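Participant: Can you read through this structure? Questions will come right after.
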Number of protein chains: 2
Amino acid sequence: MTLTGQMLIGQHPLRGGGAPFRAINPATDTPLEPAYTGGNAVHVEQACALAWAAFDRYRETALAARAAFLDAIAEQIEALGDRLIERAVAETGLPHARIEGERGRTCTQLRAFARTVRAGEWLDVRVDLAQPERRPLPRPDLRQRHIALGPVAVFGASNFPLAFSVAGGDTASALAAGCPVIVKAHNAHPGTSELVAHAIAKAVAACGLPEGVFSLLYDSGYDLGIALVSDPRIKAVGFTGSRSGGMALCRAAQARPEPIPVYAEMSSINPVYLFPAALAARGEALAQGFVASLTQGAGQFCTNPGLVIATQGRPLERFIQMARDALQDCQAQPMLTPGIFDAYHRGVDALADHAEVVATGKAAAGPNQGQPRLFVAQANAFLANPALHAEVFGATSLVIACTDSAQMRQVSEHLEGQLTATLHLDENDLTDARTLLPLLERKAGRLLVNGWPTGVEVCDAMVHGGPFPATSDARSTSVGTAAIRRFLRPVCYQDFPDALLPYALQHDNPLQLRRLLDGQREA
Amino acid sequence: MTLTGQMLIGQHPLRGGGAPFRAINPATDTPLEPAYTGGNAVHVEQACALAWAAFDRYRETALAARAAFLDAIAEQIEALGDRLIERAVAETGLPHARIEGERGRTCTQLRAFARTVRAGEWLDVRVDLAQPERRPLPRPDLRQRHIALGPVAVFGASNFPLAFSVAGGDTASALAAGCPVIVKAHNAHPGTSELVAHAIAKAVAACGLPEGVFSLLYDSGYDLGIALVSDPRIKAVGFTGSRSGGMALCRAAQARPEPIPVYAEMSSINPVYLFPAALAARGEALAQGFVASLTQGAGQFCTNPGLVIATQGRPLERFIQMARDALQDCQAQPMLTPGIFDAYHRGVDALADHAEVVATGKAAAGPNQGQPRLFVAQANAFLANPALHAEVFGATSLVIACTDSAQMRQVSEHLEGQLTATLHLDENDLTDARTLLPLLERKAGRLLVNGWPTGVEVCDAMVHGGPFPATSDARSTSVGTAAIRRFLRPVCYQDFPDALLPYALQHDNPLQLRRLLDGQREA
């Protein structure tokens, strides 16, 4: 298909009337055709009306049919071929192999949710049979299942133009739950968004689903996004991006006559702890692994290791020295957008006010290239300066030297909520680690031992979430199959005749679900 | 024990310094000794510091130990004997048998959560084993469990001085999840609250738990409650009460530097649908059942049937006539507090501005007695007057006469979110009911056929919740064992050595949990 610059409202391409904008190839600083124009309140109304009209039917699709739809989206994305890869590379400056890998991840994710839908555990069926003879009062027949919340607004992320964008984790999990989705495309990759949106729309049509199951909108500013979150037919929001952006959506969602949940993944500096025995035994390998994790993808990962915490002394000095040597050899890489590049430099400058620069990567050889940076500060400075706690989106990290393990703990207590916390430890560090672990469980959604936080597996056990401000809702994950739960609510049916019950709750259990029946889990 | 008028901060009774208040026996309008005085910010600080200190230890108690604690609370409440019943009757004006029943329900609820804790499904253990040979990248070992959110603030309800108060559903489910609890007692039953708080504190001591697991605070106004919700160590809030009260807590929770979830159960008028065949076949039985449900407990149930929806015509006229006859024979009953009695009359007056009074119960024979009322209005009036949609807490209901089933649907679309919706139907109504059902699933947390919404079973399948403003979070229930989920969040452990893993996640599965292992549910 040829890119048109149009939005997609159900099956209908439509040109927004807003100020035109173009994607920019950050590697060359050149604008990419075509121009896109944002929509307005009329388009929000149209997309929401279609989504609302589709909702009751879509949420009751058979499990197999809904799973087939998710599989079909994956197939349609794959059918876009190199066209998709090339456009995404041009719009992000990310390497070809990285984008290919991300496409694989995106399709794997859709298929994982298809399996989750088929398995049906998300329905969480509970049946308490009637006890007509019970005294003093009989017990009615009570049955519970989960149903979809309603149409969901999804805001694509800049740093994963496929896996956290139009057909990314939020969209896949919301569709899996039975929610129609309206995506507000990220302005950094409108062409990639248009391609993927058409793939989804093809799958909608091929599966015979109502067109309102999916729409794509563009926004020339911020008004359309706020209007979308404020529409009474939208019942939940998925977002990955900046803290200020996420909080703006949270405020809009709370200001509605009917407030709705917002799942915003916002801000994390992902502390990495280097325990003494591990640091003494393998400082060089740690330094290499750290710099590799830090500089991957120009450091533009939510789980980028932005903070290293260790006790001061010779081993830490050697680690810093080796990290410095490694970092100085690192190329500057194009960042996702000129805006992100500018913000990176502002962030680096803010750190430099309170911490010492110990290493800078190679000089930029082209536009928008972020030079990696490594800073060091004493724990006291970190405790005294909230500026050192802020996320700097890019390949920058800060090493905090603590006087002892008590100060490591004090630093940790002062951290905000995080997506991840990483512990590098050896056998002799276990006691120290065990002492710190309860605190870290309170602070982060995922804890790692002897690994690096970048790289988020799509699986059942993953938690990509965490206490505020890592996310706006620590009770959830935005990656992994448990993400489906964010878009569900329980409904109880009391004394319903079988003929009125949904299949999931009927007496003969036609879907063969493993129900909780009178308090016992069925085999 | 003798009532002291003191708060209970951990194991320490402490007198608040606020303006004294006394419970009032609404049946006699006489104040009850002793005087209670509300606490201030210092007491919030003390209770939160204790709760925070207790949190890490309490949340890691063995499942059996935590279950034994919940059982012990039930035993200690039973051990209070008639003293508790008498005080609760005096403070609420509710009948002796009702309070005895409620004590049974409260203890049943605690024991149900004890069973839920032991079964361990709430941990939702997921294990994805390492795949070191996977290409292009190996998969790490990933394990997920749920942990407690943190200390929880619970606001007791006026209408269930035991089952939704100090040791009620919110407290039981939060303790089950591993959260310390700080209760802000309802000022209508401070003596009942003090008795139950001491029962819990005895169980805390008997089980060797840290004292901060439970505290009870009084508030002479509203400041302490807001300070409690605003304390950074409080991580979630449970509330049952008015819409204005619930929304005030939601605002306070959102205004924090770290916003937290609020589970507020607030407002519901619980529509009852009388379908044509059922109404024609058994109008009299329906009228009797309706009036019995409406007037039970002076109408002071969250699930009170405040709205009846049917198509106009002779069968509805007969239903109204029979309901009128039944209602006119109903005694006025003392309401919970003079304030609730006043609010009831204001609510009744507001309805009278837009609807016709067709029946009034017997005149009051004592103070604070609310006379039951029945109103009728045409659907057009209901659609035009939002005042008719407001909850009137007490034995008042409004019958809406619709021209046809299309108008019934229109009225239903205009309803706010509800705790319940009830359908009275016969075989010949099934088609009509099936058409309306998707709409009602969107509006309510529990749907009933041929029953009455009052009476909320404590079981696995119950949903006592629903879309806003029935609750502030439709994704949850405040009654039934699923209520434990409100106070949990997932944490993922990546590549942890067995020695550092919590028992629930260890390789040999020492707790014998039914894990989701590599995508398969264990038998």
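Naming scheme: A, B, ... for chains in displayed order of the structure tokens; residues 1 onward per chain; ligands 1 onward as shown.
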Determine which residues of segment 100-299 of chain A receive a DSSP assignment of strand (DSSP E or B), computed from the backbone, and state them as a ChimeraX atom specification.

Facilitator: /A:126-128,131,139,142-148,152-155,181-184,214-217,236-240,262-265,271-274

Participant: Selected residues, N, CA and C atoms, written as a short mmCIF file (atom, residue, chain, number, x, y, z; two decimals), in the first residue's frame, please.

Facilitator:
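Below you can see selection11.cif, which holds the result:
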data_model
loop_
_atom_site.label_atom_id
_atom_site.label_comp_id
_atom_site.auth_asym_id
_atom_site.auth_seq_id
_atom_site.Cartn_x
_atom_site.Cartn_y
_atom_site.Cartn_z
N ARG A 126 -16.09 -18.63 38.39
CA ARG A 126 -16.34 -19.11 39.75
C ARG A 126 -17.82 -19.45 39.85
N VAL A 127 -18.12 -20.60 40.35
CA VAL A 127 -19.51 -21.04 40.48
C VAL A 127 -19.76 -21.48 41.92
N ASP A 128 -20.74 -20.87 42.55
CA ASP A 128 -21.20 -21.34 43.87
C ASP A 128 -22.63 -21.80 43.70
N GLN A 131 -27.89 -23.53 47.41
CA GLN A 131 -28.12 -24.42 48.56
C GLN A 131 -29.52 -24.09 49.09
N ARG A 139 -29.07 -20.44 49.97
CA ARG A 139 -28.07 -19.73 49.17
C ARG A 139 -28.50 -19.78 47.71
N LEU A 142 -24.76 -18.66 42.32
CA LEU A 142 -23.98 -17.47 41.98
C LEU A 142 -22.82 -17.88 41.07
N ARG A 143 -22.68 -17.13 39.99
CA ARG A 143 -21.64 -17.45 39.00
C ARG A 143 -20.96 -16.16 38.57
N GLN A 144 -19.65 -16.20 38.51
CA GLN A 144 -18.89 -15.01 38.14
C GLN A 144 -18.02 -15.29 36.91
N ARG A 145 -17.98 -14.32 36.03
CA ARG A 145 -16.98 -14.32 34.95
C ARG A 145 -16.44 -12.91 34.83
N HIS A 146 -15.41 -12.72 34.00
CA HIS A 146 -14.91 -11.39 33.71
C HIS A 146 -15.35 -10.98 32.32
N ILE A 147 -15.67 -9.71 32.17
CA ILE A 147 -16.01 -9.17 30.86
C ILE A 147 -15.12 -7.96 30.57
N ALA A 148 -15.11 -7.57 29.31
CA ALA A 148 -14.28 -6.45 28.89
C ALA A 148 -14.80 -5.14 29.47
N VAL A 152 -10.98 1.00 24.53
CA VAL A 152 -9.74 1.42 25.18
C VAL A 152 -8.98 2.37 24.25
N ALA A 153 -8.48 3.47 24.81
CA ALA A 153 -7.61 4.38 24.07
C ALA A 153 -6.16 3.99 24.32
N VAL A 154 -5.41 3.78 23.25
CA VAL A 154 -4.00 3.39 23.36
C VAL A 154 -3.12 4.48 22.76
N PHE A 155 -2.11 4.88 23.51
CA PHE A 155 -1.15 5.88 23.05
C PHE A 155 0.17 5.18 22.75
N VAL A 181 -10.35 -0.99 20.29
CA VAL A 181 -9.19 -0.14 20.56
C VAL A 181 -9.16 1.04 19.60
N ILE A 182 -8.92 2.22 20.15
CA ILE A 182 -8.64 3.40 19.33
C ILE A 182 -7.23 3.85 19.67
N VAL A 183 -6.35 3.81 18.67
CA VAL A 183 -4.96 4.20 18.90
C VAL A 183 -4.75 5.65 18.51
N LYS A 184 -4.12 6.40 19.40
CA LYS A 184 -3.60 7.72 19.03
C LYS A 184 -2.14 7.46 18.66
N PHE A 214 -11.41 -1.42 15.71
CA PHE A 214 -10.12 -0.73 15.68
C PHE A 214 -10.18 0.56 14.87
N SER A 215 -9.59 1.63 15.41
CA SER A 215 -9.40 2.87 14.66
C SER A 215 -8.04 3.46 15.00
N LEU A 216 -7.52 4.26 14.08
CA LEU A 216 -6.25 4.96 14.29
C LEU A 216 -6.46 6.45 14.08
N LEU A 217 -6.05 7.24 15.06
CA LEU A 217 -6.17 8.70 14.95
C LEU A 217 -4.79 9.35 15.04
N ALA A 236 -10.94 2.80 29.40
CA ALA A 236 -9.60 2.61 29.96
C ALA A 236 -8.59 3.18 28.97
N VAL A 237 -7.37 3.43 29.49
CA VAL A 237 -6.32 4.04 28.68
C VAL A 237 -5.02 3.27 28.88
N GLY A 238 -4.32 3.02 27.78
CA GLY A 238 -2.98 2.46 27.84
C GLY A 238 -2.00 3.47 27.27
N PHE A 239 -0.88 3.66 27.96
CA PHE A 239 0.08 4.70 27.55
C PHE A 239 1.48 4.25 27.92
N THR A 240 2.44 4.50 27.05
CA THR A 240 3.85 4.35 27.39
C THR A 240 4.55 5.60 26.92
N VAL A 262 -6.23 4.44 34.08
CA VAL A 262 -5.16 4.73 33.13
C VAL A 262 -3.96 3.85 33.48
N TYR A 263 -3.50 3.11 32.49
CA TYR A 263 -2.28 2.32 32.66
C TYR A 263 -1.17 3.04 31.93
N ALA A 264 -0.46 3.90 32.67
CA ALA A 264 0.61 4.68 32.08
C ALA A 264 1.95 4.14 32.58
N GLU A 265 2.80 3.78 31.63
CA GLU A 265 4.15 3.34 31.99
C GLU A 265 5.04 4.52 31.69
N PRO A 271 17.63 0.89 39.09
CA PRO A 271 18.87 0.74 39.85
C PRO A 271 19.50 -0.64 39.68
N VAL A 272 20.82 -0.61 39.60
CA VAL A 272 21.62 -1.84 39.52
C VAL A 272 22.54 -1.85 40.74
N TYR A 273 22.45 -2.91 41.54
CA TYR A 273 23.28 -3.03 42.74
C TYR A 273 24.46 -3.94 42.45
N LEU A 274 25.63 -3.42 42.76
CA LEU A 274 26.85 -4.24 42.63
C LEU A 274 27.29 -4.60 44.05
#

Participant: Compile the contact shell of Asp29 of chain B as a PDB file with N, CA and C atoms, in the first residue's frame: residues with an atom at most 12 Å away, counting only C-alpha atoms, same-chain residues fewer than 2 positions apart removed.

Facilitator:
ATOM      1  N   ARG B  22     -20.286  11.417  71.034  1.00  0.00           N
ATOM      2  CA  ARG B  22     -20.845  10.184  71.590  1.00  0.00           C
ATOM      3  C   ARG B  22     -21.727   9.529  70.539  1.00  0.00           C
ATOM      4  N   ALA B  23     -21.785   8.220  70.584  1.00  0.00           N
ATOM      5  CA  ALA B  23     -22.781   7.528  69.776  1.00  0.00           C
ATOM      6  C   ALA B  23     -24.162   7.923  70.281  1.00  0.00           C
ATOM      7  N   ILE B  24     -25.133   7.868  69.380  1.00  0.00           N
ATOM      8  CA  ILE B  24     -26.507   8.156  69.775  1.00  0.00           C
ATOM      9  C   ILE B  24     -27.341   6.929  69.502  1.00  0.00           C
ATOM     10  N   ASN B  25     -28.119   6.518  70.477  1.00  0.00           N
ATOM     11  CA  ASN B  25     -29.064   5.440  70.226  1.00  0.00           C
ATOM     12  C   ASN B  25     -30.216   6.035  69.413  1.00  0.00           C
ATOM     13  N   PRO B  26     -30.290   5.700  68.142  1.00  0.00           N
ATOM     14  CA  PRO B  26     -31.274   6.378  67.298  1.00  0.00           C
ATOM     15  C   PRO B  26     -32.711   6.010  67.671  1.00  0.00           C
ATOM     16  N   ALA B  27     -32.878   4.876  68.295  1.00  0.00           N
ATOM     17  CA  ALA B  27     -34.230   4.451  68.668  1.00  0.00           C
ATOM     18  C   ALA B  27     -34.790   5.299  69.799  1.00  0.00           C
ATOM     19  N   PRO B  31     -27.805   9.947  73.898  1.00  0.00           N
ATOM     20  CA  PRO B  31     -26.375   9.694  73.720  1.00  0.00           C
ATOM     21  C   PRO B  31     -25.898   8.537  74.592  1.00  0.00           C
ATOM     22  N   LEU B  32     -24.885   7.851  74.105  1.00  0.00           N
ATOM     23  CA  LEU B  32     -24.338   6.698  74.805  1.00  0.00           C
ATOM     24  C   LEU B  32     -22.934   7.027  75.295  1.00  0.00           C
ATOM     25  N   ALA B  90     -27.602  -0.911  70.346  1.00  0.00           N
ATOM     26  CA  ALA B  90     -27.822   0.425  70.900  1.00  0.00           C
ATOM     27  C   ALA B  90     -27.314   1.506  69.953  1.00  0.00           C
ATOM     28  N   GLU B  91     -26.199   1.252  69.289  1.00  0.00           N
ATOM     29  CA  GLU B  91     -25.594   2.295  68.463  1.00  0.00           C
ATOM     30  C   GLU B  91     -26.242   2.425  67.082  1.00  0.00           C
ATOM     31  N   THR B  92     -27.017   1.427  66.674  1.00  0.00           N
ATOM     32  CA  THR B  92     -27.547   1.444  65.300  1.00  0.00           C
ATOM     33  C   THR B  92     -29.068   1.436  65.225  1.00  0.00           C
ATOM     34  N   GLY B  93     -29.737   1.038  66.316  1.00  0.00           N
ATOM     35  CA  GLY B  93     -31.183   0.875  66.245  1.00  0.00           C
ATOM     36  C   GLY B  93     -31.599  -0.351  65.452  1.00  0.00           C
ATOM     37  N   PRO B 334     -36.435   2.870  63.115  1.00  0.00           N
ATOM     38  CA  PRO B 334     -35.365   3.838  63.408  1.00  0.00           C
ATOM     39  C   PRO B 334     -34.236   3.709  62.402  1.00  0.00           C
ATOM     40  N   MET B 335     -33.788   4.841  61.910  1.00  0.00           N
ATOM     41  CA  MET B 335     -32.645   4.829  60.994  1.00  0.00           C
ATOM     42  C   MET B 335     -31.353   4.888  61.807  1.00  0.00           C
ATOM     43  N   LEU B 336     -30.232   4.731  61.124  1.00  0.00           N
ATOM     44  CA  LEU B 336     -28.973   4.498  61.835  1.00  0.00           C
ATOM     45  C   LEU B 336     -28.526   5.682  62.676  1.00  0.00           C
ATOM     46  N   THR B 337     -28.730   6.878  62.150  1.00  0.00           N
ATOM     47  CA  THR B 337     -28.297   8.075  62.869  1.00  0.00           C
ATOM     48  C   THR B 337     -29.281   9.197  62.571  1.00  0.00           C
ATOM     49  N   PRO B 338     -29.327  10.189  63.445  1.00  0.00           N
ATOM     50  CA  PRO B 338     -30.155  11.359  63.148  1.00  0.00           C
ATOM     51  C   PRO B 338     -29.755  12.008  61.816  1.00  0.00           C
ATOM     52  N   GLY B 339     -28.490  12.002  61.491  1.00  0.00           N
ATOM     53  CA  GLY B 339     -28.050  12.591  60.233  1.00  0.00           C
ATOM     54  C   GLY B 339     -28.582  11.833  59.027  1.00  0.00           C
ATOM     55  N   PHE B 341     -31.267  10.000  59.059  1.00  0.00           N
ATOM     56  CA  PHE B 341     -32.710  10.273  59.071  1.00  0.00           C
ATOM     57  C   PHE B 341     -33.013  11.599  58.368  1.00  0.00           C
ATOM     58  N   GLY B 366     -41.550   6.861  67.037  1.00  0.00           N
ATOM     59  CA  GLY B 366     -40.413   7.200  67.886  1.00  0.00           C
ATOM     60  C   GLY B 366     -39.460   8.052  67.091  1.00  0.00           C
ATOM     61  N   PRO B 367     -38.355   8.463  67.723  1.00  0.00           N
ATOM     62  CA  PRO B 367     -37.416   9.340  67.037  1.00  0.00           C
ATOM     63  C   PRO B 367     -36.699   8.644  65.880  1.00  0.00           C
ATOM     64  N   ASN B 368     -36.316   9.433  64.887  1.00  0.00           N
ATOM     65  CA  ASN B 368     -35.455   8.976  63.784  1.00  0.00           C
ATOM     66  C   ASN B 368     -36.046   7.848  62.955  1.00  0.00           C
ATOM     67  N   GLN B 369     -37.365   7.695  63.012  1.00  0.00           N
ATOM     68  CA  GLN B 369     -37.965   6.600  62.254  1.00  0.00           C
ATOM     69  C   GLN B 369     -38.304   7.044  60.842  1.00  0.00           C
TER      70      GLN B 369
END

Participant: Which residues come within 10 Å of Thr435 of chain A, counting only C-alpha atoms, excluding same-chain residues fewer than 4 positions away, as a PyMOL selection string?

Facilitator: chain A and resi 405+409+430-431+439-440

Participant: Output N, CA and C atoms of each residue in that selection to a file, as a CSV table (one decimal), in the first residue's frame.

Facilitator:
chain,number,residue,atom,x,y,z
A,405,SER,N,26.9,-0.6,53.5
A,405,SER,CA,25.7,-1.2,53.1
A,405,SER,C,24.5,-0.4,53.7
A,409,ARG,N,21.3,1.1,51.6
A,409,ARG,CA,19.9,0.9,52.0
A,409,ARG,C,19.2,2.3,52.0
A,430,LEU,N,25.0,-13.1,49.5
A,430,LEU,CA,23.6,-13.5,49.7
A,430,LEU,C,22.9,-12.8,50.9
A,431,THR,N,23.7,-12.7,52.0
A,431,THR,CA,23.1,-12.2,53.2
A,431,THR,C,22.7,-10.7,53.0
A,439,LEU,N,12.9,-4.5,50.7
A,439,LEU,CA,12.8,-3.1,50.2
A,439,LEU,C,12.6,-3.0,48.7
A,440,LEU,N,13.4,-3.8,48.0
A,440,LEU,CA,13.4,-3.7,46.5
A,440,LEU,C,12.0,-4.3,46.0

Participant: With only C-alpha atoms counted and 7 Å as the cut-off, give the residues of chain B in contact with chain A, each with its shortest interatomic distance in Å and the pair that gives it, as a tab-separated table.

Facilitator:
residue	atom	partner	partner_atom	distance
B:Asp56	CA	A:Pro438	CA	6.4
B:Arg126	CA	A:Ala461	CA	5.0
B:Val127	CA	A:Ala461	CA	5.8
B:Asp128	CA	A:Ala461	CA	6.2
B:Leu142	CA	A:Ala461	CA	5.8
B:Arg143	CA	A:Ala461	CA	5.3
B:Gln144	CA	A:Ala461	CA	4.9
B:Glu258	CA	A:Phe468	CA	6.0
B:Arg434	CA	A:Leu500	CA	6.6
B:Pro438	CA	A:Asp56	CA	6.4
B:Gly445	CA	A:Val491	CA	4.9
B:Arg446	CA	A:Cys492	CA	4.5
B:Leu447	CA	A:Tyr493	CA	5.0
B:Leu448	CA	A:Gln494	CA	4.6
B:Val449	CA	A:Phe496	CA	5.4
B:Asp460	CA	A:Arg126	CA	6.4
B:Ala461	CA	A:Gln144	CA	4.9
B:Met462	CA	A:Cys492	CA	6.0
B:Val463	CA	A:Cys492	CA	5.4
B:Phe468	CA	A:Glu258	CA	6.0
B:Ala474	CA	A:Arg489	CA	6.2
B:Arg475	CA	A:Arg489	CA	4.3
B:Ser476	CA	A:Arg489	CA	6.8
B:Leu488	CA	A:Arg475	CA	6.5
B:Arg489	CA	A:Arg475	CA	4.3
B:Pro490	CA	A:Arg475	CA	6.4
B:Val491	CA	A:Gly445	CA	4.9
B:Cys492	CA	A:Arg446	CA	4.5
B:Tyr493	CA	A:Leu447	CA	5.0
B:Gln494	CA	A:Leu448	CA	4.6
B:Asp495	CA	A:Val449	CA	5.6
B:Phe496	CA	A:Val449	CA	5.4
B:Leu500	CA	A:Arg434	CA	6.6
B:Gly519	CA	A:Asp460	CA	6.8
B:Ala523	CA	A:Ala523	CA	6.5

Participant: Tell me which protein, DNA and RNA residues are within 12 Å of Glu284 of chain A, counting only C-alpha atoms, leaving out same-chain ones fewer than 4 positions away, and put them as an mmCIF file with N, CA and C atoms, in the first residue's frame.

Facilitator:
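Output saved as part38.cif:
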data_model
loop_
_atom_site.group_PDB
_atom_site.id
_atom_site.type_symbol
_atom_site.label_atom_id
_atom_site.label_comp_id
_atom_site.auth_asym_id
_atom_site.auth_seq_id
_atom_site.Cartn_x
_atom_site.Cartn_y
_atom_site.Cartn_z
ATOM 1 N N ALA A 278 30.705 -9.816 44.365
ATOM 2 C CA ALA A 278 30.585 -9.854 42.905
ATOM 3 C C ALA A 278 31.458 -8.784 42.274
ATOM 4 N N LEU A 279 31.447 -7.596 42.856
ATOM 5 C CA LEU A 279 32.214 -6.483 42.298
ATOM 6 C C LEU A 279 33.716 -6.785 42.358
ATOM 7 N N ALA A 280 34.149 -7.377 43.458
ATOM 8 C CA ALA A 280 35.575 -7.699 43.603
ATOM 9 C C ALA A 280 35.972 -8.817 42.642
ATOM 10 N N GLN A 288 31.670 -4.370 31.408
ATOM 11 C CA GLN A 288 31.348 -4.624 29.990
ATOM 12 C C GLN A 288 29.842 -4.821 29.808
ATOM 13 N N GLY A 289 29.268 -5.664 30.647
ATOM 14 C CA GLY A 289 27.831 -5.941 30.534
ATOM 15 C C GLY A 289 26.998 -4.692 30.767
ATOM 16 N N PHE A 290 27.436 -3.903 31.729
ATOM 17 C CA PHE A 290 26.727 -2.666 32.051
ATOM 18 C C PHE A 290 26.728 -1.710 30.862
ATOM 19 N N VAL A 291 27.884 -1.476 30.272
ATOM 20 C CA VAL A 291 27.974 -0.523 29.163
ATOM 21 C C VAL A 291 27.190 -1.045 27.954
ATOM 22 N N PRO A 315 37.475 -1.710 44.415
ATOM 23 C CA PRO A 315 36.729 -2.444 43.367
ATOM 24 C C PRO A 315 35.786 -1.536 42.587
ATOM 25 N N LEU A 316 35.123 -0.611 43.262
ATOM 26 C CA LEU A 316 34.209 0.282 42.543
ATOM 27 C C LEU A 316 35.005 1.234 41.641
ATOM 28 N N GLU A 317 36.134 1.702 42.156
ATOM 29 C CA GLU A 317 36.968 2.566 41.313
ATOM 30 C C GLU A 317 37.374 1.846 40.034
ATOM 31 N N ARG A 318 37.754 0.578 40.166
ATOM 32 C CA ARG A 318 38.162 -0.192 38.983
ATOM 33 C C ARG A 318 36.976 -0.402 38.043
ATOM 34 N N PHE A 319 35.813 -0.669 38.631
ATOM 35 C CA PHE A 319 34.609 -0.824 37.789
ATOM 36 C C PHE A 319 34.355 0.450 36.987
ATOM 37 N N ILE A 320 34.454 1.585 37.662
ATOM 38 C CA ILE A 320 34.195 2.860 36.984
ATOM 39 C C ILE A 320 35.223 3.089 35.878
ATOM 40 N N GLN A 321 36.443 2.742 36.192
ATOM 41 C CA GLN A 321 37.509 2.929 35.195
ATOM 42 C C GLN A 321 37.260 2.050 33.960
ATOM 43 N N MET A 322 36.876 0.824 34.196
ATOM 44 C CA MET A 322 36.642 -0.081 33.059
ATOM 45 C C MET A 322 35.382 0.304 32.298
ATOM 46 N N ALA A 323 34.394 0.759 33.023
ATOM 47 C CA ALA A 323 33.182 1.228 32.351
ATOM 48 C C ALA A 323 33.503 2.465 31.516
ATOM 49 N N ARG A 324 34.357 3.315 32.073
ATOM 50 C CA ARG A 324 34.761 4.516 31.341
ATOM 51 C C ARG A 324 35.486 4.142 30.052
ATOM 52 N N ASP A 325 36.409 3.208 30.165
ATOM 53 C CA ASP A 325 37.134 2.775 28.970
ATOM 54 C C ASP A 325 36.186 2.226 27.913
ATOM 55 N N ALA A 326 35.248 1.415 28.365
ATOM 56 C CA ALA A 326 34.305 0.814 27.409
ATOM 57 C C ALA A 326 33.409 1.886 26.796
#

Participant: Please extract the residues of segment 266-386 of chain B with a backbone DSSP assignment of alpha helix (DSSP H) and present them as a PyMOL selection string.

Facilitator: chain B and resi 276-295+314-328+338-352+379-384

Participant: Please provide the set of residues having any atom within 8 Å of Thr192 of chain B, restricted to only C-alpha atoms, with same-chain residues fewer than 2 positions apart removed, written as a list in words.

Facilitator: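 Non-adjacent residues within range: Leu84, Arg87, Ala88, Glu91, Pro161, Leu162, His189, Pro190, Glu194, Leu195 and Val196 of chain B.
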
Participant: Can you write out the residues you just picked, keeping C-alpha atoms, as a tab-separated table (two decimals), in the first residue's frame?

Facilitator:
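Contents of the output file result-v7.tsv:
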chain	number	residue	atom	x	y	z
B	84	LEU	CA	-20.88	-6.68	71.40
B	87	ARG	CA	-23.67	-2.21	72.07
B	88	ALA	CA	-24.16	-2.57	68.31
B	91	GLU	CA	-25.59	2.29	68.46
B	161	PRO	CA	-21.38	-1.98	62.08
B	162	LEU	CA	-19.67	-5.37	62.00
B	189	HIS	CA	-20.74	3.18	66.29
B	190	PRO	CA	-17.54	4.04	68.16
B	194	GLU	CA	-13.63	-0.18	70.12
B	195	LEU	CA	-14.81	-3.65	71.12
B	196	VAL	CA	-13.93	-5.18	67.77

Participant: Show which residues sit within 7 Å of Gln109 of chain A, as a PDB file with N, CA, C and O atoms, in the first residue's frame. Count only C-alpha atoms, and ignore same-chain residues fewer than 4 positions away.

Facilitator:
ATOM      1  N   ARG A 105       8.845  -9.846  17.758  1.00  0.00           N
ATOM      2  CA  ARG A 105       8.329  -9.753  19.122  1.00  0.00           C
ATOM      3  C   ARG A 105       6.855  -9.337  19.124  1.00  0.00           C
ATOM      4  O   ARG A 105       6.046  -9.852  19.900  1.00  0.00           O
ATOM      5  N   PHE A 113      -1.145 -13.763  23.143  1.00  0.00           N
ATOM      6  CA  PHE A 113      -2.477 -13.382  23.641  1.00  0.00           C
ATOM      7  C   PHE A 113      -3.568 -14.241  23.011  1.00  0.00           C
ATOM      8  O   PHE A 113      -4.589 -14.512  23.647  1.00  0.00           O
ATOM      9  N   GLY A 169       1.719  -4.144  22.814  1.00  0.00           N
ATOM     10  CA  GLY A 169       1.194  -4.867  23.973  1.00  0.00           C
ATOM     11  C   GLY A 169      -0.134  -4.348  24.492  1.00  0.00           C
ATOM     12  O   GLY A 169      -1.009  -5.137  24.865  1.00  0.00           O
ATOM     13  N   VAL A 458       8.458 -11.553  26.638  1.00  0.00           N
ATOM     14  CA  VAL A 458       6.995 -11.654  26.571  1.00  0.00           C
ATOM     15  C   VAL A 458       6.611 -13.068  27.005  1.00  0.00           C
ATOM     16  O   VAL A 458       6.817 -14.031  26.263  1.00  0.00           O
TER      17      VAL A 458
END

Participant: May I ask which of the residues B:Ser165, B:Gln6, B:Thr61, B:Gln328 is the closest one to Arg118 of chain B, counting only C-alpha atoms?

Facilitator: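 Checking each of B:Ser165, B:Gln6, B:Thr61, B:Gln328 against Arg118 of chain B, counting only C-alpha atoms, the winner is B:Thr61.
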